[in-house]
>>> print(open('query-v4.tsv').read())   # TSV, C-alpha atoms
chain	number	residue	atom	x	y	z
L	167	MET	CA	0.00	0.00	0.00
L	168	ILE	CA	1.31	3.41	-1.00
L	169	THR	CA	1.14	6.01	1.72
L	170	SER	CA	0.98	9.74	1.13
L	171	ALA	CA	4.49	10.09	2.60
L	172	THR	CA	5.85	7.58	0.07
L	173	LEU	CA	4.02	9.34	-2.76
L	174	LYS	CA	5.40	12.74	-1.68
L	175	ALA	CA	8.93	11.36	-1.41
L	176	SER	CA	8.68	9.81	-4.88
L	177	LEU	CA	7.33	13.04	-6.33
L	178	VAL	CA	10.18	15.04	-4.76
L	179	MET	CA	12.75	12.60	-6.21
L	180	VAL	CA	11.24	12.90	-9.70
L	181	LEU	CA	11.20	16.72	-9.48
L	182	LEU	CA	14.82	16.81	-8.29
L	183	ALA	CA	15.89	14.56	-11.17
L	184	LEU	CA	14.09	16.82	-13.66
L	185	LEU	CA	15.65	19.97	-12.20
L	186	GLN	CA	19.11	18.43	-12.24
L	187	GLY	CA	18.65	17.50	-15.91
L	188	CYS	CA	17.62	21.06	-16.72
L	189	SER	CA	20.59	22.61	-14.97
L	190	SER	CA	23.11	20.41	-16.76
L	191	SER	CA	21.68	21.05	-20.24
L	192	ASP	CA	23.83	22.97	-22.69
L	193	HIS	CA	22.14	26.40	-22.88
L	194	HIS	CA	24.14	28.58	-25.26
L	195	LEU	CA	23.28	31.42	-27.60
L	196	ALA	CA	25.19	32.16	-30.78
L	197	VAL	CA	26.62	35.69	-30.72
L	198	ASP	CA	27.71	37.61	-33.82
L	199	CYS	CA	31.48	38.01	-33.79
L	200	GLY	CA	34.64	38.88	-35.67
L	201	TYR	CA	38.42	38.57	-35.31
L	202	ILE	CA	41.26	40.91	-34.43
L	203	SER	CA	44.40	39.56	-36.11
L	204	LEU	CA	47.91	40.89	-35.44
L	205	GLN	CA	50.89	40.89	-37.80
L	206	SER	CA	53.37	38.52	-36.16
L	207	LYS	CA	56.25	38.55	-38.67
L	208	THR	CA	57.88	41.29	-40.72
L	209	GLN	CA	56.71	41.14	-44.33
L	210	GLN	CA	57.68	43.86	-46.83
L	211	HIS	CA	56.86	47.10	-44.94
L	212	ARG	CA	54.46	45.46	-42.48
L	213	TYR	CA	55.92	45.15	-38.99
L	214	PRO	CA	54.65	43.10	-36.04
L	215	VAL	CA	52.52	44.56	-33.25
L	216	ILE	CA	51.30	43.25	-29.93
L	217	LEU	CA	48.00	44.09	-28.31
L	218	THR	CA	48.43	45.42	-24.77
L	219	HIS	CA	44.90	46.68	-23.94
L	220	ILE	CA	41.31	46.36	-25.16
L	221	ASN	CA	39.03	49.16	-23.96
L	222	GLY	CA	41.58	50.08	-21.30
L	223	GLN	CA	41.82	46.53	-19.89
L	224	ALA	CA	45.22	44.81	-20.02
L	225	VAL	CA	45.23	41.64	-22.13
L	226	ILE	CA	47.59	38.84	-22.98
L	227	SER	CA	48.39	39.37	-26.64
L	228	LYS	CA	47.52	36.58	-29.09
L	229	ASN	CA	47.93	36.54	-32.86
L	230	THR	CA	44.15	36.25	-33.26
L	231	SER	CA	41.36	37.19	-30.85
L	232	LYS	CA	37.68	36.36	-31.34
L	233	LEU	CA	35.37	39.12	-30.03
L	234	PRO	CA	31.66	39.96	-30.19
L	235	VAL	CA	30.64	42.48	-32.86
L	236	GLY	CA	31.26	46.06	-31.70
L	237	THR	CA	33.70	48.93	-31.52
L	238	TYR	CA	36.88	48.47	-29.51
L	239	GLN	CA	39.66	50.82	-28.41
L	240	LEU	CA	42.93	48.90	-28.88
L	241	THR	CA	46.39	49.80	-27.57
L	242	LEU	CA	49.25	48.39	-29.64
L	243	TYR	CA	53.03	48.29	-29.29
L	244	GLU	CA	55.26	47.98	-32.37
L	245	PHE	CA	58.16	45.67	-33.06
L	246	ILE	CA	59.83	47.51	-35.91
L	247	ASP	CA	63.20	45.92	-36.58
L	248	SER	CA	64.70	48.16	-39.24
L	249	PRO	CA	68.10	49.80	-39.65
L	250	LYS	CA	66.21	52.94	-40.76
L	251	ILE	CA	64.80	53.56	-37.26
L	252	HIS	CA	67.00	55.64	-34.95
L	253	ILE	CA	64.58	56.36	-32.10
L	254	ASN	CA	65.91	55.74	-28.59
L	255	PRO	CA	64.18	52.56	-27.32
L	256	GLN	CA	62.98	54.50	-24.25
L	257	LEU	CA	61.07	56.88	-26.55
L	258	ARG	CA	59.24	54.14	-28.41
L	259	THR	CA	55.52	54.47	-27.85
L	260	VAL	CA	52.24	52.60	-27.89
L	261	LEU	CA	49.45	53.80	-30.15
L	262	ASP	CA	45.67	53.58	-29.76
L	263	VAL	CA	43.26	52.76	-32.55
L	264	SER	CA	39.50	52.36	-32.64
L	265	VAL	CA	38.38	49.26	-34.52
L	266	THR	CA	34.82	48.29	-35.40
L	267	LEU	CA	34.29	44.56	-35.80
L	268	ALA	CA	31.46	43.57	-38.12
L	269	LYS	CA	29.78	40.18	-38.19
L	270	ASN	CA	31.99	37.53	-39.85
L	271	SER	CA	34.95	39.84	-40.40
L	272	GLN	CA	38.66	39.87	-39.60
L	273	VAL	CA	40.59	43.08	-38.98
L	274	GLN	CA	44.34	42.63	-39.58
L	275	LEU	CA	46.60	45.16	-37.80
L	276	TRP	CA	50.28	45.95	-38.35
L	277	ALA	CA	52.85	48.69	-37.81
L	278	GLU	CA	54.19	50.84	-40.63
L	279	MET	CA	57.18	53.17	-40.36
L	280	VAL	CA	56.57	56.85	-41.12
L	281	GLY	CA	58.90	59.83	-41.23
L	282	ASP	CA	62.67	59.77	-41.37
L	283	GLY	CA	63.28	57.31	-38.52
L	284	TYR	CA	64.85	60.03	-36.32
L	285	SER	CA	61.78	61.87	-35.02
L	286	LEU	CA	58.33	61.22	-33.59
L	287	PRO	CA	55.92	59.99	-34.75
L	288	TYR	CA	57.90	57.19	-36.30
L	289	TRP	CA	55.11	54.66	-36.83
L	290	GLN	CA	51.42	54.29	-37.50
L	291	ILE	CA	48.85	51.52	-37.27
L	292	LYS	CA	47.53	50.11	-40.52
L	293	THR	CA	44.46	47.91	-40.88
L	294	GLN	CA	42.87	45.70	-43.48
L	295	THR	CA	39.46	44.05	-43.20
L	296	ALA	CA	38.43	40.77	-44.82
L	297	ALA	CA	35.53	38.34	-44.52
L	298	LYS	CA	35.98	35.41	-42.14
L	299	LEU	CA	33.20	33.18	-40.77
L	300	CYS	CA	32.88	33.52	-36.99
L	301	GLU	CA	30.68	31.92	-34.34
L	302	LEU	CA	30.88	32.69	-30.65
L	303	LYS	CA	28.76	30.89	-28.07
L	304	GLN	CA	27.77	32.46	-24.76
L	305	ALA	CA	25.84	30.89	-21.92
L	306	ALA	CA	22.17	31.84	-21.99
L	307	ALA	CA	20.71	33.54	-18.93
L	308	GLN	CA	18.41	31.15	-17.11
L	309	ALA	CA	15.11	32.31	-15.62
L	310	ASP	CA	14.56	31.64	-11.94
>>> encode(input="query-v4.tsv", output="C-alpha cells")
Amino acid sequence: MITSATLKASLVMVLLALLQGCSSSDHHLAVDCGYISLQSKTQQHRYPVILTHINGQAVISKNTSKLPVGTYQLTLYEFIDSPKIHINPQLRTVLDVSVTLAKNSQVQLWAEMVGDGYSLPYWQIKTQTAAKLCELKQAAAQAD
C-alpha cells in the first residue's frame, strides 16, 4: 500500500531529477562576432605589433582574438626591426586605434614606419578588413 508520505517522497525525487537534468543542459546562444588579427612577422613594410589593452583593460596578446561584434579601443606596441629607425628605445611608444568589428569579419593590424626614422611619430597603425566566418557561443541567462 502506497502512503501519502511515500508518494510525496517519490514526487520530490522525480522533481529533483528533472531539475538536475535542466541545470546540466547545454544552454548557449550564438553571438555575432569577428576577429582581431595581429601581424606577427615582418613582411615587406608590415611590422609586427602586440595588443596590450582592449578598452583600457590589459590583455595577454595573441595573434588572433575572437570578439563579439562592436567597436573596440585597442592599444598596440610595435616591433619595428629596421636599420632605418633611430629612435631611442625609451622613446618608443604605444598607439591607440579604434576598430569596429562587423559580423563575420577579420581586422588585420600591423605597424608601418613613417617619417625619417629620427623623429616622432615614427610609426602608425595600418588595418585591413576581410571576410571570415565567426561563431561565438555564450551561456544563456536562465530564468529563476
>>> closest_residue(input="query-v4.tsv", among="L:Asn221, L:Ser264, L:Gln274, L:Ser285", to="Ile251 of chain L", atoms="all atoms listed in the file")
L:Ser285
>>> atom_distance(input="query-v4.tsv", atom1="atom CA of Pro234 of chain L", atom2="atom CA of Gly200 of chain L")
6.3 Å
>>> atom_distance(input="query-v4.tsv", atom1="atom CA of Tyr213 of chain L", atom2="atom CA of Lys250 of chain L")
13.0 Å
>>> atom_distance(input="query-v4.tsv", atom1="atom CA of Arg258 of chain L", atom2="atom CA of Pro214 of chain L")
14.2 Å
>>> closest_residue(input="query-v4.tsv", among="L:Trp289, L:Ile216, L:Tyr284, L:Ser271", to="Asn229 of chain L", atoms="all atoms listed in the file")
L:Ile216
>>> closest_residue(input="query-v4.tsv", among="L:Thr241, L:Ala224, L:Pro287, L:Glu278", to="Ile253 of chain L", atoms="all atoms listed in the file")
L:Pro287
>>> closest_residue(input="query-v4.tsv", among="L:Val280, L:Ala297, L:Ile246, L:Leu267", to="Lys232 of chain L", atoms="all atoms listed in the file")
L:Leu267
>>> closest_residue(input="query-v4.tsv", among="L:His252, L:Lys207, L:Lys303, L:Lys269", to="Tyr288 of chain L", atoms="all atoms listed in the file")
L:His252
>>> residues_near_point(input="query-v4.tsv", point="(37.7, 35.2, -33.5)", cutoff="9 Å", atoms="all atoms listed in the file", output="PDB file with C-alpha atoms, in the coordinates of the input")
ATOM      1  CA  CYS L 199      31.480  38.010 -33.790  1.00  0.00           C
ATOM      2  CA  GLY L 200      34.640  38.880 -35.670  1.00  0.00           C
ATOM      3  CA  TYR L 201      38.420  38.570 -35.310  1.00  0.00           C
ATOM      4  CA  ILE L 202      41.260  40.910 -34.430  1.00  0.00           C
ATOM      5  CA  SER L 203      44.400  39.560 -36.110  1.00  0.00           C
ATOM      6  CA  THR L 230      44.150  36.250 -33.260  1.00  0.00           C
ATOM      7  CA  SER L 231      41.360  37.190 -30.850  1.00  0.00           C
ATOM      8  CA  LYS L 232      37.680  36.360 -31.340  1.00  0.00           C
ATOM      9  CA  LEU L 233      35.370  39.120 -30.030  1.00  0.00           C
ATOM     10  CA  PRO L 234      31.660  39.960 -30.190  1.00  0.00           C
ATOM     11  CA  ASN L 270      31.990  37.530 -39.850  1.00  0.00           C
ATOM     12  CA  SER L 271      34.950  39.840 -40.400  1.00  0.00           C
ATOM     13  CA  GLN L 272      38.660  39.870 -39.600  1.00  0.00           C
ATOM     14  CA  LYS L 298      35.980  35.410 -42.140  1.00  0.00           C
ATOM     15  CA  LEU L 299      33.200  33.180 -40.770  1.00  0.00           C
ATOM     16  CA  CYS L 300      32.880  33.520 -36.990  1.00  0.00           C
ATOM     17  CA  GLU L 301      30.680  31.920 -34.340  1.00  0.00           C
ATOM     18  CA  LEU L 302      30.880  32.690 -30.650  1.00  0.00           C
TER      19      LEU L 302
END
>>> residues_around(input="query-v4.tsv", residues="Val263 of chain L", least_positions_apart="6", cutoff="10 Å", atoms="only C-alpha atoms", output="PyMOL selection string")
chain L and resi 220+238-242+275+290-293
>>> closest_residue(input="query-v4.tsv", among="L:Ala268, L:Thr218, L:Pro249, L:Gln256", to="Thr237 of chain L", atoms="all atoms listed in the file")
L:Ala268
>>> residues_around(input="query-v4.tsv", residues="Tyr243 of chain L", least_positions_apart="3", cutoff="7 Å", atoms="all atoms listed in the file", output="PyMOL selection string")
chain L and resi 215-217+259-261
>>> build_atoms(input="query-v4.tsv", residues="segment 263-281 of chain L", atoms="N, CA and C atoms", output="PDB file, keeping the file's coordinate frame")
ATOM      1  N   VAL L 263      44.077  52.740 -31.336  1.00  0.00           N
ATOM      2  CA  VAL L 263      43.260  52.760 -32.550  1.00  0.00           C
ATOM      3  C   VAL L 263      41.873  52.239 -32.185  1.00  0.00           C
ATOM      4  N   SER L 264      40.870  52.826 -32.801  1.00  0.00           N
ATOM      5  CA  SER L 264      39.500  52.360 -32.640  1.00  0.00           C
ATOM      6  C   SER L 264      39.176  51.443 -33.811  1.00  0.00           C
ATOM      7  N   VAL L 265      38.697  50.248 -33.501  1.00  0.00           N
ATOM      8  CA  VAL L 265      38.380  49.260 -34.520  1.00  0.00           C
ATOM      9  C   VAL L 265      36.944  48.804 -34.337  1.00  0.00           C
ATOM     10  N   THR L 266      36.195  48.801 -35.430  1.00  0.00           N
ATOM     11  CA  THR L 266      34.820  48.290 -35.400  1.00  0.00           C
ATOM     12  C   THR L 266      34.794  46.926 -36.073  1.00  0.00           C
ATOM     13  N   LEU L 267      34.393  45.918 -35.279  1.00  0.00           N
ATOM     14  CA  LEU L 267      34.290  44.560 -35.800  1.00  0.00           C
ATOM     15  C   LEU L 267      32.870  44.333 -36.306  1.00  0.00           C
ATOM     16  N   ALA L 268      32.741  43.936 -37.551  1.00  0.00           N
ATOM     17  CA  ALA L 268      31.460  43.570 -38.120  1.00  0.00           C
ATOM     18  C   ALA L 268      31.294  42.057 -38.035  1.00  0.00           C
ATOM     19  N   LYS L 269      30.075  41.612 -38.200  1.00  0.00           N
ATOM     20  CA  LYS L 269      29.780  40.180 -38.190  1.00  0.00           C
ATOM     21  C   LYS L 269      30.599  39.479 -39.285  1.00  0.00           C
ATOM     22  N   ASN L 270      31.214  38.357 -38.911  1.00  0.00           N
ATOM     23  CA  ASN L 270      31.990  37.530 -39.850  1.00  0.00           C
ATOM     24  C   ASN L 270      33.077  38.311 -40.580  1.00  0.00           C
ATOM     25  N   SER L 271      33.842  39.092 -39.808  1.00  0.00           N
ATOM     26  CA  SER L 271      34.950  39.840 -40.400  1.00  0.00           C
ATOM     27  C   SER L 271      36.231  39.597 -39.617  1.00  0.00           C
ATOM     28  N   GLN L 272      37.346  39.925 -40.251  1.00  0.00           N
ATOM     29  CA  GLN L 272      38.660  39.870 -39.600  1.00  0.00           C
ATOM     30  C   GLN L 272      39.374  41.172 -39.890  1.00  0.00           C
ATOM     31  N   VAL L 273      39.820  41.845 -38.827  1.00  0.00           N
ATOM     32  CA  VAL L 273      40.590  43.080 -38.980  1.00  0.00           C
ATOM     33  C   VAL L 273      42.043  42.742 -38.684  1.00  0.00           C
ATOM     34  N   GLN L 274      42.895  42.861 -39.700  1.00  0.00           N
ATOM     35  CA  GLN L 274      44.340  42.630 -39.580  1.00  0.00           C
ATOM     36  C   GLN L 274      45.002  43.952 -39.222  1.00  0.00           C
ATOM     37  N   LEU L 275      45.895  43.952 -38.226  1.00  0.00           N
ATOM     38  CA  LEU L 275      46.600  45.160 -37.800  1.00  0.00           C
ATOM     39  C   LEU L 275      48.106  44.956 -37.878  1.00  0.00           C
ATOM     40  N   TRP L 276      48.822  46.004 -38.304  1.00  0.00           N
ATOM     41  CA  TRP L 276      50.280  45.950 -38.350  1.00  0.00           C
ATOM     42  C   TRP L 276      50.842  47.357 -38.183  1.00  0.00           C
ATOM     43  N   ALA L 277      52.150  47.416 -37.942  1.00  0.00           N
ATOM     44  CA  ALA L 277      52.850  48.690 -37.810  1.00  0.00           C
ATOM     45  C   ALA L 277      53.499  49.039 -39.141  1.00  0.00           C
ATOM     46  N   GLU L 278      53.523  50.343 -39.433  1.00  0.00           N
ATOM     47  CA  GLU L 278      54.190  50.840 -40.630  1.00  0.00           C
ATOM     48  C   GLU L 278      55.045  52.038 -40.221  1.00  0.00           C
ATOM     49  N   MET L 279      56.300  52.046 -40.656  1.00  0.00           N
ATOM     50  CA  MET L 279      57.180  53.170 -40.360  1.00  0.00           C
ATOM     51  C   MET L 279      56.734  54.406 -41.121  1.00  0.00           C
ATOM     52  N   VAL L 280      56.831  55.571 -40.468  1.00  0.00           N
ATOM     53  CA  VAL L 280      56.570  56.850 -41.120  1.00  0.00           C
ATOM     54  C   VAL L 280      57.696  57.803 -40.761  1.00  0.00           C
ATOM     55  N   GLY L 281      57.869  58.837 -41.535  1.00  0.00           N
ATOM     56  CA  GLY L 281      58.900  59.830 -41.230  1.00  0.00           C
ATOM     57  C   GLY L 281      60.285  59.347 -41.604  1.00  0.00           C
TER      58      GLY L 281
END
